[in-house]
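K.L.:
Structure supplied as start_7.pdb; contents: PDB, C-alpha atoms and all ligand atoms.
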ATOM      1  CA  MET A   1     100.221  71.127 128.191
ATOM      2  CA  ASN A   2      97.315  73.066 129.562
ATOM      3  CA  HIS A   3      99.364  76.243 129.530
ATOM      4  CA  ALA A   4      99.856  75.967 125.816
ATOM      5  CA  ARG A   5      96.093  75.958 125.391
ATOM      6  CA  THR A   6      95.191  78.701 127.835
ATOM      7  CA  PHE A   7      97.897  81.154 126.836
ATOM      8  CA  PRO A   8      96.304  82.251 123.540
ATOM      9  CA  CYS A   9      93.015  82.805 125.366
ATOM     10  CA  LEU A  10      94.702  84.947 127.981
ATOM     11  CA  SER A  11      96.444  87.038 125.369
ATOM     12  CA  LEU A  12      93.144  87.520 123.541
ATOM     13  CA  LEU A  13      91.568  88.652 126.795
ATOM     14  CA  LEU A  14      94.477  90.990 127.450
ATOM     15  CA  PHE A  15      94.153  92.358 123.947
ATOM     16  CA  ALA A  16      90.439  92.970 124.489
ATOM     17  CA  LEU A  17      91.148  94.777 127.769
ATOM     18  CA  LEU A  18      93.812  96.942 126.133
ATOM     19  CA  ALA A  19      91.430  97.748 123.309
ATOM     20  CA  LEU A  20      88.823  98.807 125.879
ATOM     21  CA  ALA A  21      91.371 100.933 127.708
ATOM     22  CA  GLY A  22      92.294 102.498 124.399
ATOM     23  CA  CYS A  23      88.669 103.309 123.670
ATOM     24  CA  SER A  24      87.965 104.889 127.039
ATOM     25  CA  GLN A  25      90.724 107.425 126.404
ATOM     26  CA  SER A  26      89.224 108.981 123.312
ATOM     27  CA  ALA A  27      90.979 111.724 121.394
ATOM     28  CA  SER A  28      88.778 114.407 122.909
ATOM     29  CA  GLU A  29      89.549 113.502 126.520
ATOM     30  CA  PRO A  30      92.829 115.020 127.791
ATOM     31  CA  PRO A  31      94.875 112.447 129.748
ATOM     32  CA  LEU A  32      95.360 114.891 132.640
ATOM     33  CA  LYS A  33      91.743 116.057 132.736
ATOM     34  CA  GLY A  34      90.712 116.511 136.353
ATOM     35  CA  ALA A  35      94.283 116.288 137.685
ATOM     36  CA  THR A  36      94.870 118.756 140.529
ATOM     37  CA  MET A  37      98.295 119.968 139.418
ATOM     38  CA  GLY A  38      98.965 123.582 138.438
ATOM     39  CA  GLY A  39      97.428 126.733 139.866
ATOM     40  CA  GLU A  40      98.297 130.299 140.722
ATOM     41  CA  PHE A  41     101.854 131.540 140.927
ATOM     42  CA  SER A  42     103.589 134.870 141.237
ATOM     43  CA  LEU A  43     107.216 134.796 140.061
ATOM     44  CA  VAL A  44     109.749 137.067 138.371
ATOM     45  CA  GLY A  45     110.827 137.182 134.715
ATOM     46  CA  ALA A  46     113.274 139.361 132.782
ATOM     47  CA  ASP A  47     110.753 142.226 132.626
ATOM     48  CA  GLY A  48     109.527 142.018 136.212
ATOM     49  CA  PRO A  49     106.731 140.175 138.029
ATOM     50  CA  VAL A  50     104.907 137.424 136.123
ATOM     51  CA  ARG A  51     101.707 135.862 137.385
ATOM     52  CA  SER A  52      99.959 132.731 136.153
ATOM     53  CA  SER A  53      96.947 134.920 135.352
ATOM     54  CA  ASP A  54      99.071 136.737 132.737
ATOM     55  CA  PHE A  55      98.669 133.608 130.602
ATOM     56  CA  GLU A  56      94.881 133.486 130.824
ATOM     57  CA  GLY A  57      93.506 132.356 127.472
ATOM     58  CA  ARG A  58      96.767 130.792 126.352
ATOM     59  CA  TYR A  59      98.145 127.270 126.404
ATOM     60  CA  ARG A  60     101.317 126.830 128.441
ATOM     61  CA  ILE A  61     104.106 124.284 128.298
ATOM     62  CA  VAL A  62     105.674 124.288 131.763
ATOM     63  CA  TYR A  63     109.096 122.750 132.429
ATOM     64  CA  PHE A  64     111.216 123.085 135.576
ATOM     65  CA  GLY A  65     115.027 123.031 135.587
ATOM     66  CA  PHE A  66     118.088 125.215 136.080
ATOM     67  CA  ALA A  67     120.393 127.172 133.804
ATOM     68  CA  SER A  68     123.639 125.421 134.788
ATOM     69  CA  CYS A  69     122.137 121.943 134.338
ATOM     70  CA  PRO A  70     124.854 120.035 132.455
ATOM     71  CA  ASP A  71     122.809 117.680 130.310
ATOM     72  CA  VAL A  72     119.146 117.053 131.104
ATOM     73  CA  CYS A  73     117.674 120.550 130.731
ATOM     74  CA  PRO A  74     119.543 121.478 127.534
ATOM     75  CA  VAL A  75     118.439 118.244 125.833
ATOM     76  CA  ASP A  76     114.808 118.541 126.898
ATOM     77  CA  LEU A  77     114.551 122.277 126.159
ATOM     78  CA  GLN A  78     116.164 121.764 122.763
ATOM     79  CA  THR A  79     113.539 119.134 121.905
ATOM     80  CA  ILE A  80     110.638 121.191 123.247
ATOM     81  CA  GLY A  81     111.854 124.275 121.346
ATOM     82  CA  ALA A  82     112.288 122.330 118.116
ATOM     83  CA  GLY A  83     108.873 120.695 118.553
ATOM     84  CA  LEU A  84     107.184 124.049 119.050
ATOM     85  CA  ARG A  85     108.971 125.432 115.978
ATOM     86  CA  ALA A  86     107.733 122.443 113.967
ATOM     87  CA  PHE A  87     104.180 123.117 115.159
ATOM     88  CA  GLU A  88     104.626 126.813 114.285
ATOM     89  CA  ALA A  89     105.656 125.856 110.750
ATOM     90  CA  GLU A  90     102.653 123.567 110.432
ATOM     91  CA  ASP A  91     100.010 125.825 111.998
ATOM     92  CA  PRO A  92     101.271 129.291 112.991
ATOM     93  CA  GLU A  93      97.883 130.442 114.236
ATOM     94  CA  ARG A  94      97.408 127.676 116.813
ATOM     95  CA  ALA A  95     101.104 127.619 117.726
ATOM     96  CA  ALA A  96     100.942 131.323 118.613
ATOM     97  CA  LYS A  97      98.544 130.381 121.424
ATOM     98  CA  VAL A  98     101.242 128.292 123.117
ATOM     99  CA  GLN A  99     103.493 129.932 125.702
ATOM    100  CA  PRO A 100     106.563 127.901 126.685
ATOM    101  CA  ILE A 101     107.659 128.540 130.298
ATOM    102  CA  PHE A 102     110.841 127.473 132.104
ATOM    103  CA  ILE A 103     110.715 127.732 135.899
ATOM    104  CA  SER A 104     114.015 127.614 137.797
ATOM    105  CA  VAL A 105     114.595 125.152 140.629
ATOM    106  CA  ASP A 106     117.825 127.033 141.410
ATOM    107  CA  PRO A 107     116.717 130.548 142.351
ATOM    108  CA  ALA A 108     119.991 131.250 144.212
ATOM    109  CA  ARG A 109     121.943 131.286 140.946
ATOM    110  CA  ASP A 110     119.209 131.773 138.333
ATOM    111  CA  THR A 111     118.507 135.486 138.373
ATOM    112  CA  PRO A 112     115.989 136.787 135.800
ATOM    113  CA  ALA A 113     118.938 138.033 133.685
ATOM    114  CA  VAL A 114     120.738 134.656 133.788
ATOM    115  CA  LEU A 115     117.507 132.906 132.798
ATOM    116  CA  ALA A 116     116.724 135.339 129.971
ATOM    117  CA  GLU A 117     120.083 134.652 128.381
ATOM    118  CA  TYR A 118     119.711 130.905 128.898
ATOM    119  CA  VAL A 119     116.201 130.413 127.502
ATOM    120  CA  ALA A 120     117.021 132.395 124.351
ATOM    121  CA  ASN A 121     119.095 129.377 123.271
ATOM    122  CA  PHE A 122     116.025 127.189 122.887
ATOM    123  CA  HIS A 123     113.061 129.171 121.598
ATOM    124  CA  PRO A 124     112.565 132.902 120.958
ATOM    125  CA  ARG A 125     109.326 132.921 122.982
ATOM    126  CA  LEU A 126     110.489 130.729 125.869
ATOM    127  CA  ILE A 127     110.364 132.713 129.107
ATOM    128  CA  GLY A 128     112.400 131.970 132.221
ATOM    129  CA  LEU A 129     110.884 132.519 135.658
ATOM    130  CA  THR A 130     112.435 132.525 139.097
ATOM    131  CA  GLY A 131     111.429 133.617 142.592
ATOM    132  CA  SER A 132     112.288 133.283 146.251
ATOM    133  CA  GLU A 133     113.246 129.856 147.622
ATOM    134  CA  GLU A 134     109.833 129.687 149.225
ATOM    135  CA  GLU A 135     107.957 130.642 146.050
ATOM    136  CA  ILE A 136     109.905 128.082 144.024
ATOM    137  CA  HIS A 137     109.200 125.305 146.533
ATOM    138  CA  GLN A 138     105.527 126.231 146.478
ATOM    139  CA  VAL A 139     105.145 126.339 142.678
ATOM    140  CA  ALA A 140     107.082 123.063 142.286
ATOM    141  CA  ARG A 141     104.763 121.386 144.809
ATOM    142  CA  ASP A 142     101.674 122.788 143.104
ATOM    143  CA  TYR A 143     102.879 121.672 139.667
ATOM    144  CA  GLY A 144     103.859 118.179 140.838
ATOM    145  CA  VAL A 145     107.585 118.678 140.311
ATOM    146  CA  TYR A 146     110.309 117.185 142.486
ATOM    147  CA  PHE A 147     113.709 118.814 142.951
ATOM    148  CA  GLN A 148     116.604 118.338 145.346
ATOM    149  CA  ARG A 149     119.793 120.359 145.578
ATOM    150  CA  HIS A 150     123.038 118.443 146.011
ATOM    151  CA  GLU A 151     125.686 119.577 148.463
ATOM    152  CA  PRO A 152     128.616 121.155 146.588
ATOM    153  CA  ALA A 153     131.784 118.996 146.413
ATOM    154  CA  THR A 154     133.626 121.847 148.102
ATOM    155  CA  PRO A 155     131.641 123.096 151.111
ATOM    156  CA  GLY A 156     130.433 126.642 150.587
ATOM    157  CA  SER A 157     131.139 126.483 146.862
ATOM    158  CA  ASP A 158     128.637 127.799 144.316
ATOM    159  CA  ASN A 159     129.237 124.731 142.170
ATOM    160  CA  TYR A 160     126.441 122.225 142.800
ATOM    161  CA  LEU A 161     123.857 120.199 140.925
ATOM    162  CA  VAL A 162     120.102 120.048 141.381
ATOM    163  CA  ASP A 163     118.133 116.862 140.713
ATOM    164  CA  HIS A 164     114.748 117.578 139.213
ATOM    165  CA  SER A 165     111.739 116.009 137.477
ATOM    166  CA  ARG A 166     112.004 115.899 133.741
ATOM    167  CA  VAL A 167     108.354 116.419 132.983
ATOM    168  CA  ALA A 168     106.999 119.036 130.591
ATOM    169  CA  THR A 169     103.284 119.557 131.038
ATOM    170  CA  LEU A 170     100.789 121.199 128.715
ATOM    171  CA  TYR A 171      98.227 123.389 130.466
ATOM    172  CA  GLY A 172      95.156 124.835 128.801
ATOM    173  CA  PRO A 173      93.771 128.379 128.427
ATOM    174  CA  ALA A 174      92.282 128.310 131.940
ATOM    175  CA  GLY A 175      95.416 126.758 133.454
ATOM    176  CA  GLU A 176      93.923 123.267 133.471
ATOM    177  CA  PRO A 177      96.362 120.359 133.004
ATOM    178  CA  ILE A 178      95.951 118.672 129.618
ATOM    179  CA  ALA A 179      98.791 116.273 128.820
ATOM    180  CA  ILE A 180     102.433 115.408 129.335
ATOM    181  CA  ILE A 181     104.580 116.644 126.441
ATOM    182  CA  PRO A 182     106.548 113.575 125.258
ATOM    183  CA  HIS A 183     109.946 115.202 124.719
ATOM    184  CA  ASP A 184     111.450 111.702 124.831
ATOM    185  CA  GLN A 185     109.805 111.195 121.415
ATOM    186  CA  GLY A 186     111.765 114.017 119.812
ATOM    187  CA  PRO A 187     110.502 117.234 118.198
ATOM    188  CA  GLU A 188     107.979 115.269 116.075
ATOM    189  CA  GLY A 189     106.439 113.792 119.233
ATOM    190  CA  VAL A 190     106.210 117.246 120.822
ATOM    191  CA  ALA A 191     104.643 118.780 117.699
ATOM    192  CA  ALA A 192     102.144 115.915 117.379
ATOM    193  CA  GLU A 193     101.045 116.292 120.998
ATOM    194  CA  LEU A 194     100.550 120.054 120.579
ATOM    195  CA  ASP A 195      98.610 119.419 117.362
ATOM    196  CA  ARG A 196      96.389 116.982 119.276
ATOM    197  CA  TRP A 197      95.342 119.388 122.025
ATOM    198  CA  VAL A 198      95.765 123.017 120.983
ATOM    199  CA  GLU A 199      92.568 124.369 119.440
TER
HETATM  200 NI    NI A 201     118.132 120.050 134.348
END
Rewrite the structure from the file as structure tokens, please.
Ligand code: NI
P.N.:
Amino acid sequence: MNHARTFPCLSLLLFALLALAGCSQSASEPPLKGATMGGEFSLVGADGPVRSSDFEGRYRIVYFGFASCPDVCPVDLQTIGAGLRAFEAEDPERAAKVQPIFISVDPARDTPAVLAEYVANFHPRLIGLTGSEEEIHQVARDYGVYFQRHEPATPGSDNYLVDHSRVATLYGPAGEPIAIIPHDQGPEGVAAELDRWVE
């Protein structure tokens, strides 16, 4: 009996707390503000060495994966590419400030040439970066990305999978983390998030 009476009060309280939480995260405050992820990197793209400082002054969408990924990467990259195209159609000037970047977690197979061919499927400005095993481990750690190579079914075979985080992160003009790009919400969700943060 008592429960029936207290429950509405609790839900009102919960609602009030949620409303407060909603208020504290105002539109001008990036959800990842102050997060320590990101930082300097020195990798290799189709045209040679690429450093994080090359993107100074530009927004970056950073996603990690590998070119022979059977399902996860193609789906996510497709959505990110379509979302960026939608934002380009809506506001070409702001969209031009966004650089999409794909970093390989499979440097043994993903040469710069393999990556260049792969990324062209998703967005004309998407760039693919790779590096040494050590450089890739370092940049993944710095950017808060997990990956783990599976053993091939046939020992010594070149046919293996790599588990990896599915997160696409938006970084700002100084390399500061801004927000997670919600590729699970489709191209519209991606475009809306870019519209929210890119100035
Ligand atoms: Ni993948």
K.L.:
Taking all atoms listed in the file into account, which of A:Gly128, A:Gly175, A:Gly189, A:Pro70 comes nearest Phe102 of chain A?
P.N.:
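Of A:Gly128, A:Gly175, A:Gly189, A:Pro70, the one nearest Phe102 of chain A is A:Gly128, counting all atoms listed in the file.
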K.L.:
I'd like to know which of A:Ser132, A:Glu40, A:Val50, A:Cys69 is closest to Asn159 of chain A, using all atoms listed in the file.
P.N.:
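Ranking A:Ser132, A:Glu40, A:Val50, A:Cys69 by distance to Asn159 of chain A, first place goes to A:Cys69.
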K.L.:
Show which residues sit within 12 Å of Tyr160 of chain A, as a ChimeraX atom specification. Count only C-alpha atoms, and ignore same-chain residues fewer than 4 positions away.
P.N.:
/A:66-70,106,108-109,148-156
K.L.:
Could you tell me, as a list in words, exactly which residues end up selected when the PyMOL selection byres (((chain A and resi 99) around 10) and not hetatm) is applied to this structure?
P.N.:
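On this input, the PyMOL selection byres (((chain A and resi 99) around 10) and not hetatm) captures Phe55, Arg58, Tyr59, Arg60, Ile61, Val62, Leu84, Ala95, Ala96, Lys97, Val98, Pro100, Ile101, Arg125, Leu126, Ile127, Leu170 and Tyr171 of chain A.
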K.L.:
Output the neighbourhood of ligand NI 201 (chain A) as a VMD selection string, that is, all protein and nucleic acid residues with some atom at most 9 Å from the ligand, counting only C-alpha atoms and all ligand atoms.
P.N.:
chain A and resid 64 to 76 105 161 to 166
K.L.:
Interatomic distance between atom CA of Gly39 of chain A and atom CA of His123 of chain A?
P.N.:
24.2 Å
K.L.:
Determine the residue membership of the PyMOL selection byres (((chain A and resi 45) around 9) and not hetatm) for the file above and supply it as a PDB file with C-alpha atoms, keeping the file's coordinate frame.
P.N.:
ATOM      1  CA  LEU A  43     107.216 134.796 140.061  1.00  0.00           C
ATOM      2  CA  VAL A  44     109.749 137.067 138.371  1.00  0.00           C
ATOM      3  CA  ALA A  46     113.274 139.361 132.782  1.00  0.00           C
ATOM      4  CA  ASP A  47     110.753 142.226 132.626  1.00  0.00           C
ATOM      5  CA  GLY A  48     109.527 142.018 136.212  1.00  0.00           C
ATOM      6  CA  PRO A  49     106.731 140.175 138.029  1.00  0.00           C
ATOM      7  CA  VAL A  50     104.907 137.424 136.123  1.00  0.00           C
ATOM      8  CA  THR A 111     118.507 135.486 138.373  1.00  0.00           C
ATOM      9  CA  PRO A 112     115.989 136.787 135.800  1.00  0.00           C
ATOM     10  CA  ALA A 113     118.938 138.033 133.685  1.00  0.00           C
ATOM     11  CA  LEU A 115     117.507 132.906 132.798  1.00  0.00           C
ATOM     12  CA  ALA A 116     116.724 135.339 129.971  1.00  0.00           C
ATOM     13  CA  ILE A 127     110.364 132.713 129.107  1.00  0.00           C
ATOM     14  CA  GLY A 128     112.400 131.970 132.221  1.00  0.00           C
ATOM     15  CA  LEU A 129     110.884 132.519 135.658  1.00  0.00           C
ATOM     16  CA  THR A 130     112.435 132.525 139.097  1.00  0.00           C
ATOM     17  CA  GLY A 131     111.429 133.617 142.592  1.00  0.00           C
TER      18      GLY A 131
END
K.L.:
Could you work out how far atom CA of Met37 of chain A lies from atom CA of Asn121 of chain A, giving the answer in Å with one decimal?
P.N.:
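These two atoms are separated by 28.0 Å.
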K.L.:
Name the residues in contact with Glu188 of chain A at a cut-off of 9 Å, using all atoms listed in the file, excluding same-chain residues fewer than 6 positions from it; report them as number ranges by chain.
P.N.:
A: 79, 82-83, 86-87
K.L.:
Between atom CA of Gln78 of chain A and atom CA of Ser157 of chain A, measure the distance and give it in Å to one decimal.
P.N.:
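The value is 28.8 Å.
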K.L.:
Which one of A:Pro173, A:Leu77, A:Ile103, A:Val167 sits closest to Gly144 of chain A if you count all atoms listed in the file?
P.N.:
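The shortest atom-to-atom distance to Gly144 of chain A comes from A:Val167.
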K.L.:
Give the answer as one residue: which of A:Val139, A:Phe147, A:Ser42, A:Ile180 has the shortest atom-to-atom distance to Ala168 of chain A, using all atoms listed in the file?
P.N.:
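Checking each of A:Val139, A:Phe147, A:Ser42, A:Ile180 against Ala168 of chain A, counting all atoms listed in the file, the winner is A:Ile180.
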K.L.:
Could you tell me which of A:Gly57, A:Ala174, A:Asp110, A:Glu193 comes closest to Asp158 of chain A if we count all atoms listed in the file?
P.N.:
A:Asp110
K.L.:
Report the residues retrieved by the PyMOL selection byres (((chain A and resi 177) around 8) and not hetatm) from the displayed file, expressed as a JSON list (two decimals) with C-alpha atoms, in the coordinates of the input.
P.N.:
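The resulting file, part-v9.json, is reproduced below:
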[["chain", "number", "residue", "atom", "x", "y", "z"],
["A", 32, "LEU", "CA", 95.36, 114.89, 132.64],
["A", 33, "LYS", "CA", 91.74, 116.06, 132.74],
["A", 34, "GLY", "CA", 90.71, 116.51, 136.35],
["A", 35, "ALA", "CA", 94.28, 116.29, 137.68],
["A", 36, "THR", "CA", 94.87, 118.76, 140.53],
["A", 37, "MET", "CA", 98.30, 119.97, 139.42],
["A", 38, "GLY", "CA", 98.96, 123.58, 138.44],
["A", 169, "THR", "CA", 103.28, 119.56, 131.04],
["A", 170, "LEU", "CA", 100.79, 121.20, 128.72],
["A", 171, "TYR", "CA", 98.23, 123.39, 130.47],
["A", 172, "GLY", "CA", 95.16, 124.84, 128.80],
["A", 175, "GLY", "CA", 95.42, 126.76, 133.45],
["A", 176, "GLU", "CA", 93.92, 123.27, 133.47],
["A", 178, "ILE", "CA", 95.95, 118.67, 129.62],
["A", 179, "ALA", "CA", 98.79, 116.27, 128.82]]
K.L.:
Considering all atoms listed in the file, state which residue in the set A:Val119, A:Val145, A:Ile181, A:Ile136 is at the smallest distance from Pro31 of chain A.
P.N.:
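Closest residue, counting all atoms listed in the file: A:Ile181.
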K.L.:
Mind giving me the axis-aligned box for segment 169-183 of chain A with 8 Å on every side, centre plus edges in Å to one decimal, as lines of an AutoDock Vina configuration file?
P.N.:
center_x = 101.1
center_y = 121.0
center_z = 129.1
size_x = 33.7
size_y = 30.8
size_z = 24.8
